[in-house]
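As provided, query-v8.txt (compact mmCIF, C-alpha atoms and all ligand atoms) reads as follows.
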# COMPACT_ATOMS: atom_id res chain seq x y z
CA MET V 115 6.47 6.31 -6.31
CA PRO V 116 7.10 5.62 -2.63
CA GLU V 117 4.80 2.92 -1.32
CA LEU V 118 3.86 2.21 2.29
CA PRO V 119 7.09 0.35 3.21
CA GLU V 120 9.24 3.17 1.82
CA VAL V 121 7.17 5.73 3.72
CA GLU V 122 7.55 3.68 6.91
CA THR V 123 11.31 3.49 6.36
CA VAL V 124 11.55 7.22 5.70
CA MET V 125 9.57 7.88 8.86
CA ARG V 126 11.89 5.66 10.93
CA GLY V 127 14.88 7.44 9.46
CA LEU V 128 13.45 10.83 10.30
CA SER V 129 12.61 9.64 13.78
CA ALA V 130 16.16 8.43 14.36
CA ARG V 131 17.47 11.93 13.64
CA LEU V 132 14.68 14.19 14.83
CA LEU V 133 12.83 12.60 17.73
CA GLY V 134 13.35 14.63 20.88
CA ARG V 135 15.35 17.28 19.02
CA ARG V 136 14.47 20.94 18.82
CA LEU V 137 14.28 22.59 15.41
CA ARG V 138 16.64 25.50 15.39
CA ARG V 139 15.53 26.71 12.01
CA ALA V 140 12.94 25.92 9.35
CA ALA V 141 12.86 27.42 5.89
CA ILE V 142 10.68 27.06 2.83
CA ALA V 143 12.05 27.81 -0.61
CA ARG V 144 8.80 28.42 -2.46
CA PRO V 145 5.13 29.05 -1.60
CA ASP V 146 3.80 25.64 -2.54
CA MET V 147 4.32 22.02 -3.51
CA ARG V 148 1.19 20.15 -4.56
CA TRP V 149 -0.70 22.62 -2.40
CA ALA V 150 0.33 25.89 -0.81
CA PHE V 151 2.33 25.52 2.37
CA PRO V 152 0.20 26.55 5.36
CA ALA V 153 0.53 30.16 6.44
CA GLY V 154 3.32 30.66 8.94
CA LEU V 155 4.72 27.15 8.52
CA ALA V 156 8.36 28.07 9.02
CA ALA V 157 7.57 30.17 12.08
CA ARG V 158 5.48 27.39 13.64
CA LEU V 159 8.30 24.89 13.13
CA THR V 160 11.17 27.07 14.28
CA GLY V 161 11.91 26.42 17.93
CA ALA V 162 9.54 23.46 18.23
CA ARG V 163 10.65 20.15 19.68
CA VAL V 164 9.79 16.95 17.82
CA THR V 165 7.86 14.70 20.20
CA GLY V 166 6.72 11.81 18.01
CA PHE V 167 6.10 10.25 14.64
CA ARG V 168 3.21 8.34 13.20
CA ARG V 169 2.53 6.88 9.76
CA ARG V 170 -1.03 6.77 8.44
CA ALA V 171 -1.37 5.16 5.00
CA LYS V 172 1.36 6.89 2.98
CA TYR V 173 1.39 10.01 5.15
CA ILE V 174 3.98 10.86 7.77
CA LEU V 175 2.87 12.82 10.83
CA MET V 176 5.63 14.56 12.76
CA ARG V 177 4.33 15.74 16.11
CA LEU V 178 5.62 18.89 17.77
CA ASP V 179 5.52 20.00 21.40
CA GLY V 180 3.28 22.96 20.62
CA GLY V 181 0.38 20.69 19.65
CA ASP V 182 0.91 20.78 15.90
CA SER V 183 1.49 17.77 13.68
CA VAL V 184 3.27 18.23 10.38
CA LEU V 185 1.50 16.12 7.75
CA ILE V 186 3.94 15.07 5.02
CA HIS V 187 3.22 13.21 1.79
CA LEU V 188 6.12 12.26 -0.47
CA GLY V 189 4.00 12.35 -3.63
CA MET V 190 5.50 10.73 -6.72
CA SER V 191 9.13 11.67 -6.34
CA GLY V 192 9.63 13.15 -2.87
CA ARG V 193 12.59 12.21 -0.72
CA MET V 194 14.13 13.24 2.54
CA VAL V 195 17.84 13.96 2.54
CA LEU V 196 19.81 14.11 5.79
CA ALA V 197 23.17 15.78 6.20
CA PRO V 198 25.20 17.52 8.87
CA THR V 199 24.21 21.19 8.80
CA GLY V 200 26.49 23.17 6.53
CA SER V 201 28.12 20.12 4.97
CA ALA V 202 26.59 20.60 1.54
CA PRO V 203 24.60 23.19 -0.38
CA PRO V 204 20.85 22.51 -0.63
CA ALA V 205 19.96 19.87 -3.23
CA ALA V 206 18.14 20.94 -6.36
CA HIS V 207 14.37 20.95 -5.80
CA GLU V 208 14.70 21.19 -2.03
CA HIS V 209 11.49 22.90 -0.93
CA LEU V 210 11.56 22.56 2.85
CA ARG V 211 14.58 22.51 5.12
CA LEU V 212 14.72 21.74 8.82
CA GLU V 213 17.80 22.20 10.98
CA THR V 214 18.08 20.63 14.40
CA GLU V 215 19.87 22.23 17.30
CA ASP V 216 22.23 19.24 17.38
CA GLY V 217 23.52 19.95 13.91
CA TRP V 218 21.52 17.98 11.35
CA THR V 219 19.66 19.20 8.32
CA VAL V 220 16.66 17.50 6.73
CA GLY V 221 15.78 18.56 3.21
CA PHE V 222 12.47 17.66 1.56
CA VAL V 223 13.43 17.27 -2.10
CA ASP V 224 10.73 16.74 -4.72
CA PRO V 225 11.36 17.55 -8.40
CA ARG V 226 7.81 16.89 -9.52
CA ARG V 227 6.14 18.55 -6.54
CA PHE V 228 3.31 16.10 -6.08
CA GLY V 229 4.38 15.94 -2.45
CA SER V 230 2.79 18.09 0.20
CA VAL V 231 3.21 19.50 3.69
CA ASP V 232 0.39 20.64 5.94
CA LEU V 233 -0.20 21.38 9.60
CA VAL V 234 -2.93 19.77 11.67
CA ALA V 235 -3.62 19.80 15.40
CA THR V 236 -2.19 16.58 16.85
CA ALA V 237 -5.44 16.01 18.71
CA ALA V 238 -7.37 16.15 15.42
CA GLU V 239 -5.03 14.31 13.03
CA ASP V 240 -7.61 11.80 11.90
CA ALA V 241 -10.09 14.53 11.02
CA HIS V 242 -7.74 16.06 8.43
CA ARG V 243 -9.36 15.97 5.00
CA LEU V 244 -6.60 13.71 3.61
CA LEU V 245 -6.92 11.18 6.44
CA ALA V 246 -10.61 11.25 7.35
CA GLY V 247 -11.80 8.75 4.74
CA LEU V 248 -9.03 6.17 5.08
CA GLY V 249 -9.76 2.55 5.93
CA PRO V 250 -7.90 0.50 8.54
CA GLU V 251 -4.10 0.37 8.69
CA PRO V 252 -3.03 -2.99 7.23
CA LEU V 253 -0.39 -3.64 9.90
CA GLU V 254 -2.55 -2.75 12.88
CA ALA V 255 -4.59 -5.22 14.89
CA GLY V 256 -7.88 -3.76 13.70
CA PHE V 257 -7.33 -5.06 10.19
CA THR V 258 -8.79 -8.56 10.48
CA PRO V 259 -10.36 -11.02 8.02
CA ALA V 260 -13.75 -10.08 9.46
CA VAL V 261 -13.13 -6.37 8.86
CA LEU V 262 -11.91 -7.02 5.31
CA SER V 263 -14.84 -9.34 4.65
CA ALA V 264 -17.29 -6.65 5.76
CA ALA V 265 -15.58 -4.07 3.53
CA LEU V 266 -15.77 -6.29 0.45
CA ALA V 267 -19.18 -7.90 0.93
CA GLY V 268 -21.49 -7.27 -1.98
CA ARG V 269 -18.96 -5.34 -4.05
CA ARG V 270 -18.94 -6.33 -7.71
CA THR V 271 -15.67 -4.59 -8.54
CA PRO V 272 -12.58 -6.79 -9.06
CA VAL V 273 -10.78 -7.52 -5.80
CA LYS V 274 -7.69 -5.75 -7.09
CA ALA V 275 -9.55 -2.47 -7.57
CA ALA V 276 -11.26 -2.89 -4.21
CA LEU V 277 -7.89 -3.26 -2.45
CA LEU V 278 -6.52 -0.16 -4.15
CA ASP V 279 -9.53 1.77 -2.83
CA GLN V 280 -8.09 3.50 0.23
CA ARG V 281 -11.41 3.18 2.06
CA THR V 282 -11.03 -0.62 2.07
CA VAL V 283 -7.54 -0.64 3.55
CA ALA V 284 -5.16 2.29 3.86
CA GLY V 285 -1.90 2.74 2.00
CA LEU V 286 -1.83 -0.24 -0.36
CA GLY V 287 -0.47 0.57 -3.80
CA ASN V 288 -0.36 -1.32 -7.07
CA ILE V 289 2.79 -3.33 -6.36
CA TYR V 290 1.76 -4.62 -2.95
CA VAL V 291 -1.76 -5.50 -4.05
CA CYS V 292 -0.31 -7.64 -6.87
CA GLU V 293 2.14 -9.31 -4.50
CA ALA V 294 -0.43 -9.92 -1.76
CA LEU V 295 -2.95 -11.47 -4.17
CA PHE V 296 -0.20 -13.77 -5.43
CA ARG V 297 0.73 -14.82 -1.91
CA ALA V 298 -2.91 -15.49 -1.12
CA GLY V 299 -3.48 -17.45 -4.34
CA ILE V 300 -6.35 -15.16 -5.34
CA SER V 301 -6.96 -13.99 -8.90
CA PRO V 302 -6.96 -10.20 -9.28
CA LEU V 303 -9.94 -10.62 -11.60
CA ARG V 304 -12.13 -12.22 -8.96
CA GLY V 305 -15.11 -10.18 -7.79
CA ALA V 306 -14.56 -8.55 -4.41
CA HIS V 307 -17.83 -10.02 -3.16
CA THR V 308 -16.33 -13.53 -3.38
CA ILE V 309 -13.50 -12.73 -0.95
CA PRO V 310 -15.33 -12.66 2.41
CA GLY V 311 -14.68 -15.80 4.43
CA ALA V 312 -11.79 -18.16 3.74
CA ARG V 313 -10.17 -16.00 1.05
CA ALA V 314 -10.14 -12.99 3.36
CA GLY V 315 -8.55 -15.28 5.90
CA ARG V 316 -5.66 -15.82 3.47
CA LEU V 317 -5.53 -12.29 2.14
CA VAL V 318 -5.08 -10.44 5.42
CA PRO V 319 -1.92 -12.34 6.44
CA ALA V 320 -0.63 -12.10 2.86
CA ILE V 321 -0.99 -8.31 2.91
CA ARG V 322 0.72 -8.11 6.28
CA ALA V 323 3.55 -10.38 5.10
CA VAL V 324 4.41 -8.48 1.92
CA LEU V 325 4.44 -5.17 3.78
CA THR V 326 6.35 -6.46 6.80
CA GLU V 327 9.02 -8.13 4.66
CA ALA V 328 9.46 -4.99 2.56
CA ILE V 329 9.80 -2.80 5.65
CA ALA V 330 12.39 -5.21 7.04
CA ALA V 331 14.27 -5.15 3.72
CA GLY V 332 14.20 -1.35 3.73
CA GLY V 333 15.54 -1.14 7.24
CA SER V 334 18.25 -3.72 6.71
CA SER V 335 19.42 -2.14 3.46
CA LEU V 336 20.16 1.15 5.18
CA ARG V 337 22.64 1.86 7.90
CA ASP V 338 20.67 3.77 10.51
CA TYR V 339 18.10 4.11 7.73
CA VAL V 340 20.39 6.54 5.93
CA GLN V 341 22.15 5.63 2.71
CA PRO V 342 25.65 6.96 2.06
CA ASP V 343 24.23 9.87 0.07
CA GLY V 344 21.98 10.76 2.99
CA GLU V 345 18.81 9.76 1.23
CA LEU V 346 16.16 7.94 3.17
CA GLY V 347 14.04 5.04 2.35
CA TYR V 348 14.32 3.79 -1.22
CA PHE V 349 15.41 0.23 -1.71
CA GLN V 350 15.33 -2.60 -4.18
CA GLN V 351 12.78 -5.25 -3.55
CA ALA V 352 12.57 -8.74 -5.02
CA TRP V 353 9.02 -9.04 -6.31
CA ARG V 354 7.50 -12.45 -6.91
CA VAL V 355 5.16 -11.39 -9.73
CA TYR V 356 5.31 -7.62 -10.12
CA GLY V 357 7.29 -6.70 -13.23
CA ARG V 358 7.91 -10.37 -14.08
CA GLU V 359 5.74 -10.81 -17.15
CA GLY V 360 6.55 -14.07 -18.92
CA GLU V 361 8.77 -15.41 -16.16
CA ARG V 362 7.99 -18.59 -14.31
CA CYS V 363 6.35 -17.53 -11.09
CA ALA V 364 8.05 -18.39 -7.83
CA ASP V 365 5.35 -20.88 -6.88
CA CYS V 366 5.41 -23.14 -9.93
CA PRO V 367 8.95 -23.80 -11.13
CA GLY V 368 8.73 -26.36 -13.89
CA ALA V 369 5.02 -26.90 -13.35
CA PRO V 370 3.51 -28.17 -16.59
CA GLY V 371 0.51 -25.84 -16.45
CA CYS V 372 2.44 -22.64 -15.82
CA ALA V 373 2.74 -20.35 -18.81
CA GLY V 374 4.46 -17.74 -16.69
CA VAL V 375 3.43 -14.50 -15.04
CA ARG V 376 0.82 -12.66 -17.06
CA ARG V 377 0.41 -8.89 -17.29
CA ILE V 378 -3.01 -7.40 -17.81
CA VAL V 379 -4.34 -3.86 -17.40
CA GLN V 380 -7.00 -3.14 -14.80
CA SER V 381 -8.23 0.40 -14.14
CA ALA V 382 -5.39 1.68 -16.35
CA ARG V 383 -2.74 0.00 -14.17
CA SER V 384 -0.64 -3.07 -14.78
CA THR V 385 -1.60 -6.22 -12.93
CA PHE V 386 0.86 -9.11 -12.74
CA TYR V 387 -0.39 -12.54 -11.70
CA CYS V 388 -0.06 -16.27 -12.25
CA PRO V 389 -3.22 -17.67 -13.81
CA ARG V 390 -2.24 -21.16 -12.66
CA THR V 391 -1.92 -20.53 -8.94
CA GLN V 392 -4.21 -17.53 -8.50
CA ARG V 393 -7.85 -18.56 -8.75
ZN ZN Q 401 2.87 -19.79 -11.70

Could I get this structure in the form of C-alpha cells?
Ligand SMILES: [Zn+2]
Amino acid sequence: MPELPEVETVMRGLSARLLGRRLRRAAIARPDMRWAFPAGLAARLTGARVTGFRRRAKYILMRLDGGDSVLIHLGMSGRMVLAPTGSAPPAAHEHLRLETEDGWTVGFVDPRRFGSVDLVATAAEDAHRLLAGLGPEPLEAGFTPAVLSAALAGRRTPVKAALLDQRTVAGLGNIYVCEALFRAGISPLRGAHTIPGARAGRLVPAIRAVLTEAIAAGGSSLRDYVQPDGELGYFQQAWRVYGREGERCADCPGAPGCAGVRRIVQSARSTFYCPRTQR
C-alpha cells in the first residue's frame, strides 16, 4: 500500500509532467473505483490547465484553472503510469486517462480499485469529507511537540494506535509509525498519555526524519521521478525494524541484552520494535 512518502513522490512525478500543461483529453473507462466518479468528471477535466499540486495525508490534490481540484487517493494498489501519448496501449486496470496537449499520457491504474477520484472546489479542499477530520501534516511547521502532546494527553490507548489515528497526525501508516517509534526510543506499547513532554520532543523529529529520508530515497531512486516502465513512486526502503523480526536491531549490534527485533500484533497489525532500546 502506498504510504505518505510514495504519495509525495507520485505527486512530484505528476507535477513534473503536468504542472502548467493543458489537458487535451480525459477519459474514464468505468463508472467507479472505490466510489463512483463524480458526474461529468471527464468533461470538467478536458481543456483545463493544471495550476498546482498539493498533498494532504495520503491524498493528492491536482488543482485546475477552472477552480476545481481533483482529489486522488491511490488506495491499496493504485499507481500512475506516464508515457508519451500513443506509445503504448492502455495498461490493464487503467480507469482514468489524462492526455496533455504536449503529448504525455497519465494512466491511473488500480487492479483492486480501492483508489478513488473526486472533485472539490479548490477554495474548499479542506472541507471535503475525506480531509475535514485530518490532524496536522507531519512535515509542516504546525506539527510541533506541543501540538502532539496536546493530541495525546490523557489518552489511554497505546501510542502506536494513537499515531495511526489520522486525527492525531495525518498520513502516517503502520511502517512509518514503527520506524519513528524506534528512532525515538519509545515502546509501541506505552500509553499515549505518557508521551507529552520529553518523549513528544523526540517523537516529532523522529517522525519527520523517517518521512523525509524516505521521500529523498524515492526521489533519488527515480530519474525525473519516472522509472523506466513509466511507473511513478514505488521504491525499496531499508527499514530499521519493520519486517526484521529476530534480527539484531540497528541500534544494538552485539549488545548483550538485545534478543533482536520483536514482532507483536496491535489492533490486528504487525508491530516491530526492539524491547531493549524502546522503553
Ligand atoms: Zn535492539

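Note that the spacing between CA of Leu212 in chain V and CA of Arg136 in chain V amounts to 10.0 Å.
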
- Message: Using only C-alpha atoms and all ligand atoms, which residues of the polymer chains come no farther than 6 Å from ligand ZN 401 (chain Q)? I'd like the answer as a PyMOL selection string.
- Response: chain V and resi 362-363+365-366+372+374+388+390-391

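When CA of Tyr356 in chain V is paired with CA of Gln392 in chain V, their separation reads 13.8 Å.
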
- Would you list the contacts of range 157-174 of chain V as a VMD selection string, taking every protein, DNA or RNA residue within 8 Å and counting only C-alpha atoms, but skipping same-chain residues closer than 6 positions in sequence? chain V and resid 117 to 118 121 to 122 125 129 132 to 140 180 184 to 188 245 248 251 284 to 286

What lies within 9 Å of range 306-316 of chain V using only C-alpha atoms, ignoring chain neighbours under 2 positions off, as a tab-separated table (two decimals) with C-alpha atoms, in the frame of the given file?
chain	number	residue	atom	x	y	z
V	258	THR	CA	-8.79	-8.56	10.48
V	259	PRO	CA	-10.36	-11.02	8.02
V	260	ALA	CA	-13.75	-10.08	9.46
V	262	LEU	CA	-11.91	-7.02	5.31
V	263	SER	CA	-14.84	-9.34	4.65
V	264	ALA	CA	-17.29	-6.65	5.76
V	265	ALA	CA	-15.58	-4.07	3.53
V	266	LEU	CA	-15.77	-6.29	0.45
V	267	ALA	CA	-19.18	-7.90	0.93
V	268	GLY	CA	-21.49	-7.27	-1.98
V	269	ARG	CA	-18.96	-5.34	-4.05
V	270	ARG	CA	-18.94	-6.33	-7.71
V	271	THR	CA	-15.67	-4.59	-8.54
V	272	PRO	CA	-12.58	-6.79	-9.06
V	273	VAL	CA	-10.78	-7.52	-5.80
V	274	LYS	CA	-7.69	-5.75	-7.09
V	275	ALA	CA	-9.55	-2.47	-7.57
V	276	ALA	CA	-11.26	-2.89	-4.21
V	277	LEU	CA	-7.89	-3.26	-2.45
V	297	ARG	CA	0.73	-14.82	-1.91
V	298	ALA	CA	-2.91	-15.49	-1.12
V	299	GLY	CA	-3.48	-17.45	-4.34
V	300	ILE	CA	-6.35	-15.16	-5.34
V	303	LEU	CA	-9.94	-10.62	-11.60
V	304	ARG	CA	-12.13	-12.22	-8.96
V	318	VAL	CA	-5.08	-10.44	5.42
V	319	PRO	CA	-1.92	-12.34	6.44
V	320	ALA	CA	-0.63	-12.10	2.86
V	321	ILE	CA	-0.99	-8.31	2.91

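In this comparison, which uses only C-alpha atoms, the residue of V:Met115, V:Arg358, V:Thr199, V:Glu239 approaching Glu215 in chain V most closely is V:Thr199.
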
- Residue with the minimum atom-to-atom distance to Val231 in chain V, picked from V:Val379, V:Ile142, V:Ile329, V:Val261 with only C-alpha atoms counted, is V:Ile142

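If you look at CA of Arg227 in chain V and CA of Glu327 in chain V, they are 29.1 Å away from each other.
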
- Task: Could you give me, as a list in words, the residues within 9 Å of Ser191 in chain V, counting only C-alpha atoms and dropping anything in the same chain fewer than 3 positions from it?
- Result: Met115, Pro116, Leu188, Val223, Asp224, Pro225, Arg226, Arg227, Phe228 and Gly229 of chain V

- Message: Which polymer residues, whether protein, DNA or RNA, lie within 9 Å of the coordinate (7.6, -3.7, 4.7) when you count only C-alpha atoms? List them as an NGL selection string, using the chain letters and numbers from the file.
- Response: :V and (118-120 or 122-123 or 322-333)

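When the distance limit is 6 Å and all atoms listed in the file are what count, the residues near Ala141 in chain V, minus those fewer than 2 positions from it on the same chain, are V:Ala156, V:Leu210, V:Arg211.
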
Arg376 in chain V surroundings by only C-alpha atoms, 7 Å radius, close-in-sequence under 6 positions cut, as an mmCIF file with C-alpha atoms, in the coordinates of the input:
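Writing done, so here's selection07.cif:
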data_model
loop_
_atom_site.group_PDB
_atom_site.id
_atom_site.type_symbol
_atom_site.label_atom_id
_atom_site.label_comp_id
_atom_site.auth_asym_id
_atom_site.auth_seq_id
_atom_site.Cartn_x
_atom_site.Cartn_y
_atom_site.Cartn_z
ATOM 1 C CA GLU V 359 5.740 -10.810 -17.150
ATOM 2 C CA GLY V 360 6.550 -14.070 -18.920
ATOM 3 C CA PHE V 386 0.860 -9.110 -12.740
ATOM 4 C CA TYR V 387 -0.390 -12.540 -11.700
ATOM 5 C CA CYS V 388 -0.060 -16.270 -12.250
#

Any chance you could work out the axis-aligned box around range 265-268 of chain V, listed atoms only, 4 Å on each side, giving centre and edge lengths in Å to one decimal, as lines of an AutoDock Vina configuration file?
center_x = -18.5
center_y = -6.0
center_z = 0.8
size_x = 13.9
size_y = 11.8
size_z = 13.5

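Distance check against Leu128 in chain V using all atoms listed in the file: of V:Asp179, V:Thr214, V:Glu208, V:Arg148, the minimum falls on V:Thr214.
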
Generate the missing atoms of range 375-388 of chain V up to N, CA and C atoms and report them as an mmCIF file, keeping the file's coordinate frame.
data_model
loop_
_atom_site.group_PDB
_atom_site.id
_atom_site.type_symbol
_atom_site.label_atom_id
_atom_site.label_comp_id
_atom_site.auth_asym_id
_atom_site.auth_seq_id
_atom_site.Cartn_x
_atom_site.Cartn_y
_atom_site.Cartn_z
ATOM 1 N N VAL V 375 4.174 -15.630 -15.596
ATOM 2 C CA VAL V 375 3.430 -14.500 -15.040
ATOM 3 C C VAL V 375 2.802 -13.709 -16.175
ATOM 4 N N ARG V 376 1.535 -13.402 -16.031
ATOM 5 C CA ARG V 376 0.820 -12.660 -17.060
ATOM 6 C C ARG V 376 0.631 -11.210 -16.612
ATOM 7 N N ARG V 377 0.719 -10.294 -17.569
ATOM 8 C CA ARG V 377 0.410 -8.890 -17.290
ATOM 9 C C ARG V 377 -0.886 -8.527 -17.971
ATOM 10 N N ILE V 378 -1.790 -7.951 -17.231
ATOM 11 C CA ILE V 378 -3.010 -7.400 -17.810
ATOM 12 C C ILE V 378 -3.156 -5.969 -17.306
ATOM 13 N N VAL V 379 -4.097 -5.226 -17.849
ATOM 14 C CA VAL V 379 -4.340 -3.860 -17.400
ATOM 15 C C VAL V 379 -5.719 -3.804 -16.758
ATOM 16 N N GLN V 380 -5.736 -3.337 -15.523
ATOM 17 C CA GLN V 380 -7.000 -3.140 -14.800
ATOM 18 C C GLN V 380 -7.031 -1.702 -14.300
ATOM 19 N N SER V 381 -8.102 -1.006 -14.569
ATOM 20 C CA SER V 381 -8.230 0.400 -14.140
ATOM 21 C C SER V 381 -6.990 1.192 -14.551
ATOM 22 N N ALA V 382 -6.513 0.943 -15.773
ATOM 23 C CA ALA V 382 -5.390 1.680 -16.350
ATOM 24 C C ALA V 382 -4.056 1.408 -15.649
ATOM 25 N N ARG V 383 -3.997 0.335 -14.840
ATOM 26 C CA ARG V 383 -2.740 0.000 -14.170
ATOM 27 C C ARG V 383 -2.381 -1.444 -14.451
ATOM 28 N N SER V 384 -1.104 -1.712 -14.508
ATOM 29 C CA SER V 384 -0.640 -3.070 -14.780
ATOM 30 C C SER V 384 -0.926 -3.990 -13.606
ATOM 31 N N THR V 385 -1.433 -5.156 -13.913
ATOM 32 C CA THR V 385 -1.600 -6.220 -12.930
ATOM 33 C C THR V 385 -0.732 -7.387 -13.370
ATOM 34 N N PHE V 386 0.039 -7.918 -12.463
ATOM 35 C CA PHE V 386 0.860 -9.110 -12.740
ATOM 36 C C PHE V 386 0.334 -10.237 -11.873
ATOM 37 N N TYR V 387 0.111 -11.413 -12.476
ATOM 38 C CA TYR V 387 -0.390 -12.540 -11.700
ATOM 39 C C TYR V 387 -0.101 -13.838 -12.420
ATOM 40 N N CYS V 388 -0.225 -14.942 -11.668
ATOM 41 C CA CYS V 388 -0.060 -16.270 -12.250
ATOM 42 C C CYS V 388 -1.429 -16.908 -12.401
#
